[in-house]
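The next block holds one structure in the form of C-alpha cells; read it before the comments.
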Amino acid sequence: MRGTFSFAAVFLAAVLAGPATAGAADSYTQADLLHRLVDLDRLTRPPAGEHSGLFSSYDRRQTDVENGRYVHWAANDDRGQFLRTTSDGWNVMAEIEGPGVLTRLWVDAPAGTLRVLLDGQRVIDAPMPDLFTGALEPFGEPLSYTVGDAGVSYFPIGFARSCVVMSHGFHGEYQIDYTTFPARTSVARFTPDLDDAALDELQRVATLLKTGLTKKEIRGDGPTSLQATHKRLKAGEKLEWKIAGGGTIRSFLVSMTDRTEPRSIYALHNCVLRITWDGRSEPDVEVPLPAFFGTGFGRNLYESLPMGTNLGTSMPGRFPTEGWFMYCYFPMPFADGARIEIANENDKGTRIGLMLFLRVDTHPPPKDALRFKVHTWIQNPCTTFEIPVLRTTGTGRLVGVTLNVDCPHRRWWGEGDHKIWIDDDRFPSYLGTSTQGLFGNVRGLKIAHRALHGVTLAKPAGKNSLYRWFVPDCVDFHTGIDFMLENWQDPPANDLYYATVAYWYGQPGAPAPFVPLSRKTLAVPGLRIPGSVEIEGHIAGKDWGHLFREKYARGTELSGKLGATIRTTEPITIRLPWDKPGRYRLRLRVLPGRSFGTVQVAYADGRPIGTIRYSRRAKGLYTVGEITISDPVTPLRVKCSRTTVLDCWILEPLPAASAPASAPAGRSPSTP
C-alpha cells in the first residue's frame, strides 16, 4: 500500500447445486485457464503468490509530481495513451514479465491491427475488431463480443515468460487486466490452435456463461443441507436465521411470499441484509437487499454467473412472486456459526413477506478459507471525488463491485477512473480510463446482461445500475487494498446520488469501514427530471379531478411523487411558474402505460402550442411544441380528450446551454 496507508426445500434440488478441479498450483494448461472463468471456489482461497494489475490508456500526466504532489491527478485525456511507440510505428499497450495470463481486454472502439507477442513469439496479428466479432478463432461469443461500439474479451491468453500487446491504427481507450504467477509456475502459451482438452473446456465454459451454472459448479463436495425460513415483516421487524458450527453456504436465495410486489417502489431496497460470520460483533455483510444481488434501487430483472434477480423455479406457489428468486452463488465459508437477518426498514405500514433458502455444505471449510464480505458506501448528494469503495488490510481477493447512480440531469456522469492500490503500491496497480470501461460498457450506457458484467438500469437523466464480477480477473492482495472510483461529471457537479457495493474475500477478522445503514442513508431520491415543473398545485379552479399518488403507479416513479388525474374533458387552466425568460421546447410527462387519447395545449389567449397523442413508444414523455416565457407565471390552457394522469412539464432551453469543465486539485502520492 502507499506509505501512509494504515488501518489500526426438495423442489430446489433441480436449481441448487461441486466445482471442477482447477489446475495444479504450479502448472496451468489452456484448459485450466479457461476453467478460471467459472471457478468460484478458487476465490475462497488465499492468492498464494498471484499478483494482478491493469494496463490502460490513462492520461500519463497523472504521474507528474511537483513538490511531493501529483499535480495532474485528475487529468482526463485517456485516449491514445501508450507505454511507448516502437521504431516501426507500433504502439505498445501492455508489457508483462511472466509467467501469467491476460484475463480481460476492453477497448471503447476497436480499430486498426492488434499484435500480441508471447514469450517472444508473434501469436496474434489481426484486425482488432475481429477479436470481438468472432472473425478470429478461437475468440467469439460468449467470451469475446461487442457492447455498443466497445469490445470486451475474457478469453484467457497465457504466457510462460513474457507478454507484449501492441496496436497499429488504434487511438482509443483500452483496459487490459492481467495476473502473474510465482516464477516457478509453468503456464502453457496461448495458441489459436487449441488442443482437445482446451476445446472441450471452452465448449463447457461457453455453455455455462450462456445458460448459467449447473449443480456441479455450484454444489460443494461435502454433504449439504437445504435450509429455509419465511416471515411476513412489519416495518421494523426482522427475518432471522442462524447456522451452528462450520460450513459453506453454496446457494443463497431470497424471494417473496406476497400476492403482488409491494406498492412502494423502494420496498425491497429498504430491506437490509446483514450476515455475520463466526460470532463477530459487526456484520461482514450489510447492504440493501436487491443491491446484494447485484442491482440497485429495486429488483431489476437480470441473470449473471454468480448473481441475479430472476432465477425461475418449478415450485408450485400460490402467487406469481413465489416463482422467482434473487440468487447468489459466491461460496460463503464460516468456521464457527453464521447469523443472517433481513430487516424491514420501510416506513410504518409497509409490510413485506420474504423467503430465505440456503444450500449449506456442512463440511468444515479449510482453516485458511477466506470469508465473503460486502461493503456498502452511499452519499447523497455526492460531494466526494474519490469514492472509497473498499479499504482493508490482510490477504484477500476483490471479486465484485456494483454502482448505483441517480443523476438529475442529462450530462454524462461516468468519466471517473477506477484506482486500486495493492499491498505496498505508491502508484495504483490499477488506473482505469472511465466508469463505462470498468463495467465493460460505453458512454451513455446500454442495457446489457452479461455473465461477468452488465448494466441493469440505464437512464440519461435518472437511475443507473451497473455490475462487474471479478472472477477470472479477481484483484488479489496480500497485505491490503485501497479501491477508489472517481465521481467525475462532465462538466463537474455535486448533485449525484452515488452508491457502491464492494464484494470481497478477506481474512476472518479483516477490518473494513463500517457505518450502519439507517433509514436516512437508505433514502433514495425521487424522480428528478431536468427542467421539470410540477403540475399538481398549479391547476386553477375545481372539479378537474384529483391528485394521483406514486404508490398507485405500479412501480413507476412520478416527479414530486404526485401526479394530477384530469377527469374533465373541458379546457382547464394550468399555471406554469418559470422565472427564466426565453424560448423553450415544452414537453409533457404523463403516467406511462396508460392510454389517454389526446392532450391539447395552448396559451391562455387560445394560441395553440401543440397537441400530443398517446403512443406506447413514447413511454410517457411527449414533445408539445415551442413556447416563449416572458412572465414569472405563464397560464396554459389544457384540454384532455379522456381521463389522463399528468405528471409534470419539462422546459428545455433553445438552444441548449453549455458550461466549461474543470478538474479537482492535485494530490499527494502518499496520502489517501
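Residue numbering restarts at 1 in every chain; chains get A, B, ... in the order shown in the C-alpha cells, and ligands count up from 1 in that same order.
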
Report as a tab-separated table the residues of segment 256-302 of chain A within 9 Å of segment 515-527 of chain A, each with its shortest atom pair and distance in Å (one decimal), using only C-alpha atoms, ordered by chain and increasing residue number.
residue	atom	partner	partner_atom	distance
A:Tyr266	CA	A:Val524	CA	7.9
A:His269	CA	A:Leu522	CA	7.6
A:Asn270	CA	A:Leu522	CA	6.3
A:Val272	CA	A:Leu517	CA	7.8
A:Glu286	CA	A:Leu517	CA	7.5
A:Val287	CA	A:Leu517	CA	7.6
A:Pro288	CA	A:Leu522	CA	7.7
A:Phe297	CA	A:Val524	CA	7.6

Contacts of Trp578 of chain A at 9 Å (only C-alpha atoms; same-chain gap of 3+ positions) as a PDB file with N, CA and C atoms, in the first residue's frame:
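Below is the file around.pdb, written as the result:
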ATOM      1  N   VAL A 533     -41.320  21.033 -14.074  1.00  0.00           N
ATOM      2  CA  VAL A 533     -42.206  21.899 -13.289  1.00  0.00           C
ATOM      3  C   VAL A 533     -43.435  21.076 -12.947  1.00  0.00           C
ATOM      4  N   PRO A 581     -36.915  33.998 -18.463  1.00  0.00           N
ATOM      5  CA  PRO A 581     -37.494  34.312 -19.775  1.00  0.00           C
ATOM      6  C   PRO A 581     -36.676  33.712 -20.913  1.00  0.00           C
ATOM      7  N   ILE A 629     -41.422  32.173 -22.887  1.00  0.00           N
ATOM      8  CA  ILE A 629     -41.668  32.563 -21.491  1.00  0.00           C
ATOM      9  C   ILE A 629     -41.226  34.013 -21.327  1.00  0.00           C
ATOM     10  N   ASP A 631     -43.076  36.058 -18.596  1.00  0.00           N
ATOM     11  CA  ASP A 631     -43.518  36.421 -17.247  1.00  0.00           C
ATOM     12  C   ASP A 631     -43.162  35.309 -16.265  1.00  0.00           C
ATOM     13  N   PRO A 632     -43.091  35.634 -14.963  1.00  0.00           N
ATOM     14  CA  PRO A 632     -42.764  34.602 -13.966  1.00  0.00           C
ATOM     15  C   PRO A 632     -43.762  33.449 -13.948  1.00  0.00           C
ATOM     16  N   VAL A 633     -45.016  33.702 -14.322  1.00  0.00           N
ATOM     17  CA  VAL A 633     -46.029  32.652 -14.389  1.00  0.00           C
ATOM     18  C   VAL A 633     -46.732  32.755 -15.734  1.00  0.00           C
ATOM     19  N   THR A 634     -46.781  31.626 -16.462  1.00  0.00           N
ATOM     20  CA  THR A 634     -47.434  31.586 -17.760  1.00  0.00           C
ATOM     21  C   THR A 634     -48.653  30.672 -17.683  1.00  0.00           C
TER      22      THR A 634
END

List as an mmCIF file with N, CA and C atoms, in the first residue's frame the protein and nucleic acid residues near segment 24-36 of chain A, meaning an atom at most 7 Å away when only C-alpha atoms are counted, but skip any in the same chain fewer than 2 places from it.
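Resulting contents of result-v3.cif:
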data_model
loop_
_atom_site.group_PDB
_atom_site.id
_atom_site.type_symbol
_atom_site.label_atom_id
_atom_site.label_comp_id
_atom_site.auth_asym_id
_atom_site.auth_seq_id
_atom_site.Cartn_x
_atom_site.Cartn_y
_atom_site.Cartn_z
ATOM 1 N N ALA A 22 -9.412 -27.350 -10.317
ATOM 2 C CA ALA A 22 -8.529 -26.423 -11.013
ATOM 3 C C ALA A 22 -7.197 -27.085 -11.290
ATOM 4 N N VAL A 38 -15.131 -19.723 -14.566
ATOM 5 C CA VAL A 38 -16.344 -20.164 -13.871
ATOM 6 C C VAL A 38 -16.047 -20.776 -12.505
ATOM 7 N N ASP A 39 -14.804 -20.706 -12.069
ATOM 8 C CA ASP A 39 -14.392 -21.349 -10.815
ATOM 9 C C ASP A 39 -14.572 -20.389 -9.642
ATOM 10 N N PRO A 156 -8.826 -16.163 -21.939
ATOM 11 C CA PRO A 156 -7.527 -16.114 -21.254
ATOM 12 C C PRO A 156 -6.380 -16.360 -22.230
ATOM 13 N N ARG A 184 8.068 -19.993 -10.395
ATOM 14 C CA ARG A 184 8.184 -21.435 -10.631
ATOM 15 C C ARG A 184 7.021 -21.993 -11.452
ATOM 16 N N THR A 185 5.988 -21.203 -11.679
ATOM 17 C CA THR A 185 4.775 -21.699 -12.315
ATOM 18 C C THR A 185 4.989 -21.953 -13.807
ATOM 19 N N SER A 186 4.479 -23.079 -14.267
ATOM 20 C CA SER A 186 4.511 -23.410 -15.686
ATOM 21 C C SER A 186 3.160 -23.047 -16.293
ATOM 22 N N VAL A 187 3.176 -22.163 -17.285
ATOM 23 C CA VAL A 187 1.943 -21.735 -17.950
ATOM 24 C C VAL A 187 2.042 -22.051 -19.437
ATOM 25 N N ALA A 188 1.038 -22.754 -19.946
ATOM 26 C CA ALA A 188 1.022 -23.074 -21.371
ATOM 27 C C ALA A 188 0.791 -21.802 -22.182
ATOM 28 N N PHE A 190 -0.537 -19.457 -24.939
ATOM 29 C CA PHE A 190 -1.736 -19.467 -25.774
ATOM 30 C C PHE A 190 -1.370 -19.680 -27.233
ATOM 31 N N ALA A 197 -8.281 -30.970 -25.036
ATOM 32 C CA ALA A 197 -8.725 -30.651 -23.677
ATOM 33 C C ALA A 197 -9.215 -29.207 -23.597
ATOM 34 N N ALA A 198 -8.499 -28.289 -24.251
ATOM 35 C CA ALA A 198 -8.901 -26.883 -24.234
ATOM 36 C C ALA A 198 -10.199 -26.682 -25.004
ATOM 37 N N GLU A 201 -13.010 -27.836 -22.818
ATOM 38 C CA GLU A 201 -13.270 -26.900 -21.716
ATOM 39 C C GLU A 201 -13.867 -25.600 -22.240
ATOM 40 N N LEU A 202 -13.436 -25.151 -23.403
ATOM 41 C CA LEU A 202 -14.025 -23.948 -23.994
ATOM 42 C C LEU A 202 -15.513 -24.152 -24.243
ATOM 43 N N VAL A 205 -17.290 -24.156 -20.741
ATOM 44 C CA VAL A 205 -17.330 -22.818 -20.142
ATOM 45 C C VAL A 205 -18.283 -21.922 -20.926
ATOM 46 N N PRO A 472 -12.449 -14.526 -13.227
ATOM 47 C CA PRO A 472 -11.131 -14.915 -13.734
ATOM 48 C C PRO A 472 -10.091 -13.836 -13.470
#

What is the atom CA of Tyr584 of chain A-atom CA of Glu534 of chain A distance in Å, reported with one decimal?
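About the pair atom CA of Tyr584 of chain A and atom CA of Glu534 of chain A: they are 16.4 Å apart.
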
Spatial neighbours of Glu95 of chain A, max dist 7 Å, only C-alpha atoms, sep filter under 5 positions, as a PyMOL selection string:
chain A and resi 163-165

Show which residues sit within 6 Å of Gly158 of chain A, as number ranges by chain. Count only C-alpha atoms, and ignore same-chain residues fewer than 3 positions away.
A: 100-101, 189-190

Hey, what's within 12 Å of Arg122 of chain A if we count only C-alpha atoms and toss same-chain stuff fewer than 3 positions away? As a VMD selection string, please?
chain A and resid 114 to 119 125 to 126 159 162 to 166 189 to 192

Could the residues in this selection be saved with C-alpha atoms as a CSV table (one decimal), in the first residue's frame?
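So out-v4.csv came out as:
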chain,number,residue,atom,x,y,z
A,114,LEU,CA,-3.8,-5.9,-32.8
A,115,ARG,CA,-0.5,-7.8,-32.3
A,116,VAL,CA,0.3,-10.0,-29.3
A,117,LEU,CA,3.8,-11.4,-28.7
A,118,LEU,CA,4.0,-14.2,-26.1
A,119,ASP,CA,7.4,-15.4,-24.9
A,125,ASP,CA,-1.6,-10.4,-35.7
A,126,ALA,CA,-5.1,-9.4,-36.9
A,159,PHE,CA,2.3,-16.9,-21.4
A,162,SER,CA,6.5,-12.5,-21.2
A,163,CYS,CA,3.7,-10.8,-23.0
A,164,VAL,CA,3.6,-7.7,-25.2
A,165,VAL,CA,0.4,-6.2,-26.6
A,166,MET,CA,0.7,-3.7,-29.4
A,189,ARG,CA,1.5,-20.4,-24.0
A,190,PHE,CA,-1.7,-19.5,-25.8
A,191,THR,CA,-2.1,-20.6,-29.3
A,192,PRO,CA,-5.1,-20.2,-31.6

Write out as a PyMOL selection string each polymer residue whose atoms come within 12 Å of Gly560 of chain A, counting only C-alpha atoms; drop sequence neighbours fewer than 4 positions from it.
chain A and resi 525-529+532-537+547-550+564+646-649

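A straight line drawn from atom CA of Phe514 of chain A to atom CA of Asn300 of chain A is 26.7 Å long.
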
Determine which residues of segment 210-293 of chain A DSSP labels as strand (DSSP E) from the backbone of this structure, then write them out as a VMD selection string.
chain A and resid 224 to 233 238 to 243 247 to 256 271 to 277 285 to 288

Keeping only C-alpha atoms, take the residues you just selected and write them out as a PDB file, in the first residue's frame.
ATOM      1  CA  THR A 224     -25.206 -30.455   2.001  1.00  0.00           C
ATOM      2  CA  SER A 225     -28.483 -29.484   3.583  1.00  0.00           C
ATOM      3  CA  LEU A 226     -31.364 -27.332   2.387  1.00  0.00           C
ATOM      4  CA  GLN A 227     -32.460 -24.730   4.916  1.00  0.00           C
ATOM      5  CA  ALA A 228     -35.407 -22.376   4.586  1.00  0.00           C
ATOM      6  CA  THR A 229     -37.469 -19.845   6.509  1.00  0.00           C
ATOM      7  CA  HIS A 230     -40.046 -17.196   5.720  1.00  0.00           C
ATOM      8  CA  LYS A 231     -41.814 -14.356   7.500  1.00  0.00           C
ATOM      9  CA  ARG A 232     -44.188 -11.506   6.756  1.00  0.00           C
ATOM     10  CA  LEU A 233     -42.359  -8.485   8.116  1.00  0.00           C
ATOM     11  CA  LYS A 238     -36.567  -8.895  11.038  1.00  0.00           C
ATOM     12  CA  LEU A 239     -36.358 -12.297   9.433  1.00  0.00           C
ATOM     13  CA  GLU A 240     -33.547 -14.139  11.248  1.00  0.00           C
ATOM     14  CA  TRP A 241     -31.689 -17.404  10.694  1.00  0.00           C
ATOM     15  CA  LYS A 242     -28.711 -18.986  12.462  1.00  0.00           C
ATOM     16  CA  ILE A 243     -26.399 -21.822  11.451  1.00  0.00           C
ATOM     17  CA  GLY A 247     -19.615 -24.998   6.705  1.00  0.00           C
ATOM     18  CA  THR A 248     -20.052 -23.139   3.429  1.00  0.00           C
ATOM     19  CA  ILE A 249     -23.209 -21.561   2.065  1.00  0.00           C
ATOM     20  CA  ARG A 250     -23.304 -22.640  -1.575  1.00  0.00           C
ATOM     21  CA  SER A 251     -26.582 -21.053  -2.654  1.00  0.00           C
ATOM     22  CA  PHE A 252     -28.210 -18.009  -1.087  1.00  0.00           C
ATOM     23  CA  LEU A 253     -31.694 -17.253  -2.404  1.00  0.00           C
ATOM     24  CA  VAL A 254     -34.427 -14.796  -1.445  1.00  0.00           C
ATOM     25  CA  SER A 255     -37.945 -14.411  -2.788  1.00  0.00           C
ATOM     26  CA  MET A 256     -41.284 -13.031  -1.637  1.00  0.00           C
ATOM     27  CA  CYS A 271     -34.922  -4.097   3.417  1.00  0.00           C
ATOM     28  CA  VAL A 272     -31.358  -4.514   4.723  1.00  0.00           C
ATOM     29  CA  LEU A 273     -29.463  -7.807   4.555  1.00  0.00           C
ATOM     30  CA  ARG A 274     -26.904  -8.460   7.284  1.00  0.00           C
ATOM     31  CA  ILE A 275     -24.675 -11.552   7.558  1.00  0.00           C
ATOM     32  CA  THR A 276     -22.193 -12.190  10.351  1.00  0.00           C
ATOM     33  CA  TRP A 277     -19.599 -14.960  10.333  1.00  0.00           C
ATOM     34  CA  VAL A 285     -22.275  -8.119   5.026  1.00  0.00           C
ATOM     35  CA  GLU A 286     -24.613  -5.132   5.312  1.00  0.00           C
ATOM     36  CA  VAL A 287     -26.335  -3.981   2.147  1.00  0.00           C
ATOM     37  CA  PRO A 288     -29.789  -3.113   0.750  1.00  0.00           C
TER      38      PRO A 288
END
